[in-house]
Structures are given as structure tokens and as C-alpha cells.
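The file query.csv contains CSV, C-alpha atoms:
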chain,number,residue,atom,x,y,z
A,1194,MET,CA,-2.6,-13.2,-22.8
A,1195,LEU,CA,-3.1,-14.5,-19.2
A,1196,LEU,CA,-6.8,-13.6,-19.3
A,1197,ASP,CA,-7.2,-15.3,-22.7
A,1198,ALA,CA,-5.5,-18.4,-21.4
A,1199,MET,CA,-7.6,-18.5,-18.3
A,1200,SER,CA,-10.9,-18.0,-20.3
A,1201,THR,CA,-10.0,-20.9,-22.7
A,1202,GLY,CA,-8.9,-23.2,-19.8
A,1203,GLN,CA,-5.3,-23.4,-21.0
A,1204,VAL,CA,-4.1,-22.2,-17.7
A,1205,ASN,CA,-5.6,-22.5,-14.2
A,1206,ALA,CA,-4.7,-19.1,-12.6
A,1207,MET,CA,-6.0,-16.1,-10.9
A,1208,ILE,CA,-5.0,-12.4,-10.8
A,1209,CYS,CA,-4.5,-10.8,-7.4
A,1210,ARG,CA,-4.4,-7.0,-7.4
A,1211,ALA,CA,-3.3,-4.8,-4.5
A,1212,PRO,CA,-2.7,-1.1,-3.9
A,1213,GLU,CA,0.6,0.1,-2.4
A,1214,PHE,CA,2.0,-2.0,0.4
A,1215,TYR,CA,3.2,-1.1,3.8
A,1216,GLY,CA,4.4,-3.3,6.6
A,1217,PRO,CA,7.1,-4.8,8.7
A,1218,GLY,CA,10.3,-6.5,7.7
A,1219,LYS,CA,11.9,-5.5,4.4
A,1220,THR,CA,8.8,-4.1,2.8
A,1221,GLN,CA,10.0,-1.8,0.1
A,1222,SER,CA,7.3,0.8,-0.6
A,1223,ILE,CA,7.1,4.6,-0.9
A,1224,THR,CA,5.1,4.7,2.4
A,1225,ASN,CA,7.7,2.6,4.2
A,1226,THR,CA,10.8,4.3,2.9
A,1227,ALA,CA,9.7,7.9,2.6
A,1228,VAL,CA,7.4,8.1,5.5
A,1229,LEU,CA,7.6,5.4,8.2
A,1230,ASP,CA,11.3,4.7,8.1
A,1231,LYS,CA,12.0,8.5,8.1
A,1232,LEU,CA,9.8,9.1,11.1
A,1233,ARG,CA,11.2,6.1,13.0
A,1234,ALA,CA,14.7,7.5,12.4
A,1235,GLY,CA,13.6,10.9,13.8
A,1236,ASP,CA,13.7,12.6,10.4
A,1237,ALA,CA,11.0,14.5,8.5
A,1238,ALA,CA,8.9,12.2,6.4
A,1239,LYS,CA,8.7,12.9,2.6
A,1240,VAL,CA,5.2,12.9,1.2
A,1241,PHE,CA,4.8,12.7,-2.6
A,1242,ILE,CA,2.7,15.4,-4.4
A,1243,SER,CA,-0.1,15.9,-1.8
A,1244,ASP,CA,-0.8,15.3,1.9
A,1245,ASN,CA,-4.6,15.5,1.7
A,1246,THR,CA,-5.5,12.8,-0.9
A,1247,LEU,CA,-6.9,9.6,0.5
A,1248,ARG,CA,-4.7,6.6,0.3
A,1249,THR,CA,-5.6,2.9,0.2
A,1250,LEU,CA,-2.7,0.8,1.5
A,1251,ILE,CA,-2.5,-2.9,2.2
A,1252,TYR,CA,-0.6,-4.4,5.1
A,1253,THR,CA,1.9,-6.9,3.7
A,1254,PRO,CA,1.0,-9.8,6.1
A,1255,ASP,CA,-2.7,-9.3,5.1
A,1256,ALA,CA,-1.7,-9.5,1.4
A,1257,SER,CA,0.3,-12.7,2.1
A,1258,ARG,CA,-2.5,-14.3,4.1
A,1259,ALA,CA,-5.1,-13.3,1.4
A,1260,MET,CA,-3.1,-14.8,-1.5
A,1261,ALA,CA,-2.5,-18.0,0.5
A,1262,LEU,CA,-6.2,-18.3,1.2
A,1263,LEU,CA,-7.1,-17.6,-2.5
A,1264,GLY,CA,-4.5,-20.1,-3.7
A,1265,ASN,CA,-6.0,-22.8,-1.5
A,1266,THR,CA,-9.6,-22.1,-2.6
A,1267,SER,CA,-10.4,-24.0,-5.8
A,1268,ASP,CA,-13.3,-21.9,-6.9
A,1269,ALA,CA,-11.2,-18.7,-6.7
A,1270,TYR,CA,-9.3,-19.6,-9.8
A,1271,GLY,CA,-10.2,-18.1,-13.1
A,1272,GLN,CA,-11.0,-14.7,-11.5
A,1273,THR,CA,-9.4,-11.4,-10.7
A,1274,TRP,CA,-9.3,-10.5,-7.0
A,1275,HIS,CA,-8.6,-7.2,-5.2
A,1276,LEU,CA,-6.8,-8.1,-2.0
A,1277,PRO,CA,-8.5,-6.9,1.2
A,1278,CYS,CA,-7.7,-3.5,2.6
A,1279,ASP,CA,-8.9,-1.4,5.5
A,1280,ASP,CA,-11.7,0.8,4.1
A,1281,ASN,CA,-10.9,3.6,6.7
A,1282,ARG,CA,-8.6,5.3,4.2
A,1283,LEU,CA,-6.3,8.0,5.5
A,1284,THR,CA,-4.4,10.9,3.9
A,1285,TYR,CA,-0.6,11.1,4.3
A,1286,LYS,CA,-1.2,13.9,6.8
A,1287,GLN,CA,-3.3,11.5,8.9
A,1288,ILE,CA,-0.7,8.7,8.4
A,1289,VAL,CA,2.1,10.9,9.6
A,1290,ASN,CA,0.0,12.1,12.6
A,1291,LEU,CA,-0.9,8.5,13.5
A,1292,ALA,CA,2.6,7.2,13.1
A,1293,SER,CA,3.9,10.2,15.2
A,1294,GLU,CA,1.4,9.3,17.9
A,1295,ILE,CA,2.5,5.7,17.9
A,1296,LEU,CA,6.1,6.7,18.1
A,1297,GLY,CA,5.5,9.3,20.8
A,1298,ILE,CA,7.2,12.1,18.7
A,1299,GLN,CA,6.3,15.3,17.0
A,1300,GLY,CA,6.6,14.0,13.5
A,1301,LYS,CA,7.3,16.4,10.7
A,1302,TYR,CA,7.0,16.0,7.0
A,1303,SER,CA,7.5,17.9,3.8
A,1304,ILE,CA,5.6,17.6,0.5
A,1305,LEU,CA,7.7,16.8,-2.5
A,1306,LYS,CA,6.0,18.4,-5.5
A,1307,LYS,CA,6.1,16.9,-9.0
A,1308,TRP,CA,8.7,19.3,-10.3
A,1309,GLN,CA,11.0,18.4,-7.3
A,1310,LEU,CA,10.6,14.7,-7.9
A,1311,SER,CA,11.4,15.3,-11.6
A,1312,LEU,CA,14.6,17.0,-10.6
A,1313,LEU,CA,15.5,14.4,-8.1
A,1314,SER,CA,14.9,11.6,-10.6
A,1315,ILE,CA,17.9,12.9,-12.6
A,1316,VAL,CA,20.3,11.8,-9.8
A,1317,SER,CA,18.2,9.2,-7.9
A,1318,LYS,CA,17.4,5.8,-9.4
A,1319,PRO,CA,14.7,5.0,-6.8
A,1320,ILE,CA,12.9,8.3,-7.5
A,1321,ARG,CA,13.3,7.7,-11.2
A,1322,GLU,CA,11.6,4.3,-10.8
A,1323,THR,CA,8.6,5.9,-9.1
A,1324,ARG,CA,7.8,8.5,-11.8
A,1325,GLU,CA,5.1,6.3,-13.4
A,1326,LEU,CA,3.4,6.1,-10.0
A,1327,LEU,CA,3.3,9.8,-9.3
A,1328,PRO,CA,-0.2,10.5,-10.9
A,1329,ARG,CA,-1.6,8.3,-8.2
A,1330,TYR,CA,-0.4,10.6,-5.5
A,1331,ALA,CA,-2.3,13.7,-6.9
A,1332,VAL,CA,-5.8,12.1,-6.5
A,1333,ASP,CA,-7.6,10.0,-4.0
A,1334,ASN,CA,-6.6,6.3,-4.3
A,1335,ILE,CA,-9.7,4.3,-3.6
A,1336,PHE,CA,-9.1,0.6,-3.9
A,1337,VAL,CA,-12.2,-1.5,-3.5
A,1338,SER,CA,-11.9,-5.1,-2.2
A,1339,ASP,CA,-15.6,-5.8,-1.6
A,1340,LYS,CA,-15.6,-9.0,-3.7
A,1341,PHE,CA,-13.0,-10.6,-1.5
A,1342,LYS,CA,-14.7,-9.4,1.7
A,1343,GLN,CA,-18.0,-10.8,0.7
A,1344,ARG,CA,-16.5,-14.2,-0.3
A,1345,PHE,CA,-14.2,-14.5,2.8
A,1346,THR,CA,-16.2,-12.9,5.6
A,1347,GLU,CA,-14.0,-14.5,8.3
A,1348,PHE,CA,-10.8,-12.8,7.0
A,1349,GLU,CA,-9.6,-10.2,9.5
A,1350,ILE,CA,-8.1,-7.1,8.0
A,1351,THR,CA,-5.5,-5.3,10.0
A,1352,THR,CA,-6.4,-1.7,10.9
A,1353,TYR,CA,-4.0,1.1,10.0
A,1354,ARG,CA,-3.4,1.7,13.7
A,1355,ASP,CA,-2.4,-1.9,14.3
A,1356,GLY,CA,-0.4,-2.3,11.1
A,1357,LEU,CA,1.5,0.9,11.7
A,1358,THR,CA,2.1,0.0,15.4
A,1359,THR,CA,3.6,-3.3,14.4
A,1360,THR,CA,5.6,-1.8,11.6
A,1361,LEU,CA,7.0,1.1,13.6
A,1362,LYS,CA,7.8,-0.9,16.8
A,1363,GLU,CA,9.8,-3.7,15.2
Written as C-alpha cells, how would this file's structure read?
Amino acid sequence: MLLDAMSTGQVNAMICRAPEFYGPGKTQSITNTAVLDKLRAGDAAKVFISDNTLRTLIYTPDASRAMALLGNTSDAYGQTWHLPCDDNRLTYKQIVNLASEILGIQGKYSILKKWQLSLLSIVSKPIRETRELLPRYAVDNIFVSDKFKQRFTEFEITTYRDGLTTTLKE
């Protein structure tokens, strides 16, 4: 309906798409709650399905700055935009290793398999709410934001190292 309304000029809007978020503050994402918060607390991280599939994540301050930029760019309306992400995609194994290095710890993690998550979803509302996302964790998640990067060449994307450092050290 939105696309139809945009194409007929009934509505002046845009669509901003993003992969999973991570970042400082009260960011509620699987990566924050199951991986980063656990490691920061000295616990073993929980990785969903696989530790060796590539993940594209977006740093929440980058997502906010990108949407503000788009919202203040008149010719950006009427289009769908993929918000900008670091193209140096990491696996969860690499994310755990990098986060552990930043924290100066020997971080550990366990992989929660699909059947385990299904069992946990019986008693855990947060896990139950993630079930529709689980297929994304079994395969590489490659989110391409080239259109944004080509249009807004001056936009600085936070690297995973810098974003994780800020997130873990707050």
C-alpha cells in the first residue's frame, strides 16, 4: 500500500531498510543481548544456529544519522534505501573474538541449535519472538547498501572494531 501511495504521489515517503542492529545504549538486538551483553558480564555468549555464517550488522548511531540525512534530502523521497553498513562482514565467531580482544578477556560462546531454540521458545517469550528470524542465522546475511554509499559518499560508516569498542566500553 505504501509503495502504491508513493508511486501515485498520494504520500511523500521513503522506505529505509536495515539488517540487524547493534550498538550502545538500550539497543535491543540478538547480537547485543545474546553476545555482547553476555561477554561484557563475563558470561559465555550465545550464538544462534551457526558461528561461521557471515553477518551484516548496522551500528545504531549510523542508522540514526543515515535516516536523518535521508529525511533531510528532498530527492531521497519516493525510493527504498538500504542503510549503510560496514562491508567487512564478520562471522559470530569473529565477532566474539573481536569483542573478547576489546574487553581483554578469553571470551567463550556456545551455539544454540535450531532444536534448542525451539525448546526454549516454549518457556521464553523473547526466544519465541525470534523464531521467524532464525533462518537468517543459518546462511550468510549479506546486506548491500551500495546505493546509499554512492549517493552519500561523505557518510562515514563506523567499523565493527570502533562500534564494538564503543558498545562494550560504555
Contact check, stretch 1316-1363 of chain A to stretch 1219-1229 of chain A, at most 10 Å, counting all atoms listed in the file, closest pairs as JSON lines:
{"residue": "A:Pro1319", "atom": "CA", "partner": "A:Ile1223", "partner_atom": "CA", "distance": 9.6}
{"residue": "A:Ile1320", "atom": "CA", "partner": "A:Ile1223", "partner_atom": "CA", "distance": 9.5}
{"residue": "A:Thr1323", "atom": "CA", "partner": "A:Ile1223", "partner_atom": "CA", "distance": 8.4}
{"residue": "A:Leu1326", "atom": "CA", "partner": "A:Ile1223", "partner_atom": "CA", "distance": 9.9}
{"residue": "A:Leu1357", "atom": "CA", "partner": "A:Leu1229", "partner_atom": "CA", "distance": 8.3}
{"residue": "A:Thr1360", "atom": "CA", "partner": "A:Leu1229", "partner_atom": "CA", "distance": 8.2}
{"residue": "A:Leu1361", "atom": "CA", "partner": "A:Leu1229", "partner_atom": "CA", "distance": 6.9}
As a short mmCIF file (atom, residue, chain, number, x, y, z; two decimals) with C-alpha atoms, keeping the file's coordinate frame, please: the residues near stretch 1260-1264 of chain A (cut-off 12 Å, all atoms listed in the file, same-chain neighbours under 5 positions excluded).
data_model
loop_
_atom_site.label_atom_id
_atom_site.label_comp_id
_atom_site.auth_asym_id
_atom_site.auth_seq_id
_atom_site.Cartn_x
_atom_site.Cartn_y
_atom_site.Cartn_z
CA ASN A 1205 -5.60 -22.50 -14.20
CA ALA A 1206 -4.70 -19.10 -12.60
CA MET A 1207 -6.00 -16.10 -10.90
CA ILE A 1208 -5.00 -12.40 -10.80
CA CYS A 1209 -4.50 -10.80 -7.40
CA ARG A 1210 -4.40 -7.00 -7.40
CA ALA A 1211 -3.30 -4.80 -4.50
CA THR A 1253 1.90 -6.90 3.70
CA PRO A 1254 1.00 -9.80 6.10
CA ASP A 1255 -2.70 -9.30 5.10
CA ALA A 1269 -11.20 -18.70 -6.70
CA TYR A 1270 -9.30 -19.60 -9.80
CA GLY A 1271 -10.20 -18.10 -13.10
CA GLN A 1272 -11.00 -14.70 -11.50
CA THR A 1273 -9.40 -11.40 -10.70
CA TRP A 1274 -9.30 -10.50 -7.00
CA HIS A 1275 -8.60 -7.20 -5.20
CA LEU A 1276 -6.80 -8.10 -2.00
CA PRO A 1277 -8.50 -6.90 1.20
CA PHE A 1341 -13.00 -10.60 -1.50
CA LYS A 1342 -14.70 -9.40 1.70
CA ARG A 1344 -16.50 -14.20 -0.30
CA PHE A 1345 -14.20 -14.50 2.80
CA GLU A 1347 -14.00 -14.50 8.30
CA PHE A 1348 -10.80 -12.80 7.00
#
Close residues, A:Asp1244 itself excluded, 7 Å, all atoms listed in the file, min 2 positions apart in chain, as a PDB file with C-alpha atoms, in the coordinates of the input:
ATOM      1  CA  VAL A1240       5.200  12.900   1.200  1.00  0.00           C
ATOM      2  CA  THR A1246      -5.500  12.800  -0.900  1.00  0.00           C
ATOM      3  CA  THR A1284      -4.400  10.900   3.900  1.00  0.00           C
ATOM      4  CA  TYR A1285      -0.600  11.100   4.300  1.00  0.00           C
ATOM      5  CA  LYS A1286      -1.200  13.900   6.800  1.00  0.00           C
ATOM      6  CA  ILE A1304       5.600  17.600   0.500  1.00  0.00           C
TER       7      ILE A1304
END
Report summary line: Residue with the minimum atom-to-atom distance to A:Tyr1215, picked from A:Gly1202, A:Pro1328, A:Gly1300, A:Gly1356 with all atoms listed in the file counted, is A:Gly1356
Query raised in the report: What is the distance, in Å and to one decimal place, between atom CA of A:Ala1292 and atom CA of A:Thr1358?
Result: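 Computing it gives 7.6 Å between the two atoms.
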Query raised in the report: Separation of atom CA of A:Ala1256 and atom CA of A:Phe1214, in Å?
Result: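 Taking atom CA of A:Ala1256 as the start and atom CA of A:Phe1214 as the end point, the length is 8.4 Å.
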Query raised in the report: Which distance in Å separates atom CA of A:Leu1310 and atom CA of A:Val1337, to one decimal?
Result: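 Spanning atom CA of A:Leu1310 to atom CA of A:Val1337 is a straight-line distance of 28.3 Å.
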Query raised in the report: Residues at most 6 Å from A:Arg1282, counting all atoms listed in the file, excluding those fewer than 4 positions away in the same chain, as an MDAnalysis selection string?
Result: chainID A and resid 1247:1249
Query raised in the report: Using only C-alpha atoms, can you list as a list in words the residues within 10 Å of (10.1, 10.5, 20.4)?
Result: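 Within 10 Å of (10.1, 10.5, 20.4), the protein and nucleic acid residues are Leu1232, Arg1233, Ala1234, Gly1235, Ser1293, Glu1294, Ile1295, Leu1296, Gly1297, Ile1298, Gln1299 and Gly1300 of chain A.
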**Report entry** Which residue of A:Ser1267, A:Gln1309, A:Asn1245, A:Thr1351 approaches A:Leu1283 most closely, using all atoms listed in the file
**Finding:**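 Closest to A:Leu1283 of all the choices is A:Asn1245.
Each of A:Ser1303, A:Ser1338, A:Thr1266, A:Ser1317 was compared to A:Phe1241 using all atoms listed in the file, and A:Ser1303 turns out to be the nearest.
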Query raised in the report: Between A:Arg1321, A:Ile1335, A:Met1199, A:Lys1239, which is the closest to A:Pro1212 once you count all atoms listed in the file?
Result: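 Among A:Arg1321, A:Ile1335, A:Met1199, A:Lys1239, it is A:Ile1335 that comes nearest to A:Pro1212.
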Take stretch 1240-1254 of chain A, model N, CA and C atoms, and hand the result over as a short mmCIF file (atom, residue, chain, number, x, y, z; two decimals), in the frame of the given file.
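Saved the output as part_33.cif:
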data_model
loop_
_atom_site.label_atom_id
_atom_site.label_comp_id
_atom_site.auth_asym_id
_atom_site.auth_seq_id
_atom_site.Cartn_x
_atom_site.Cartn_y
_atom_site.Cartn_z
N VAL A 1240 6.49 13.26 1.73
CA VAL A 1240 5.20 12.90 1.20
C VAL A 1240 5.21 13.34 -0.30
N PHE A 1241 4.80 12.45 -1.18
CA PHE A 1241 4.80 12.70 -2.60
C PHE A 1241 3.52 13.49 -3.01
N ILE A 1242 3.69 14.61 -3.69
CA ILE A 1242 2.70 15.40 -4.40
C ILE A 1242 1.65 16.07 -3.45
N SER A 1243 0.98 15.32 -2.57
CA SER A 1243 -0.10 15.90 -1.80
C SER A 1243 -0.22 15.16 -0.43
N ASP A 1244 -0.55 15.93 0.61
CA ASP A 1244 -0.80 15.30 1.90
C ASP A 1244 -2.24 15.13 2.24
N ASN A 1245 -3.13 15.54 1.32
CA ASN A 1245 -4.60 15.50 1.70
C ASN A 1245 -5.40 14.63 0.72
N THR A 1246 -4.76 13.79 -0.08
CA THR A 1246 -5.50 12.80 -0.90
C THR A 1246 -5.62 11.53 -0.09
N LEU A 1247 -6.74 10.86 -0.22
CA LEU A 1247 -6.90 9.60 0.50
C LEU A 1247 -6.10 8.50 -0.14
N ARG A 1248 -5.52 7.66 0.71
CA ARG A 1248 -4.70 6.60 0.30
C ARG A 1248 -5.30 5.24 0.69
N THR A 1249 -5.29 4.27 -0.17
CA THR A 1249 -5.60 2.90 0.20
C THR A 1249 -4.29 2.15 0.22
N LEU A 1250 -3.94 1.59 1.36
CA LEU A 1250 -2.70 0.80 1.50
C LEU A 1250 -3.09 -0.58 1.97
N ILE A 1251 -2.23 -1.55 1.66
CA ILE A 1251 -2.50 -2.90 2.20
C ILE A 1251 -1.26 -3.32 3.01
N TYR A 1252 -1.56 -3.89 4.15
CA TYR A 1252 -0.60 -4.40 5.10
C TYR A 1252 0.00 -5.68 4.54
N THR A 1253 1.32 -5.78 4.42
CA THR A 1253 1.90 -6.90 3.70
C THR A 1253 1.53 -8.29 4.33
N PRO A 1254 1.45 -8.45 5.65
CA PRO A 1254 1.00 -9.80 6.10
C PRO A 1254 -0.45 -10.08 5.71
#
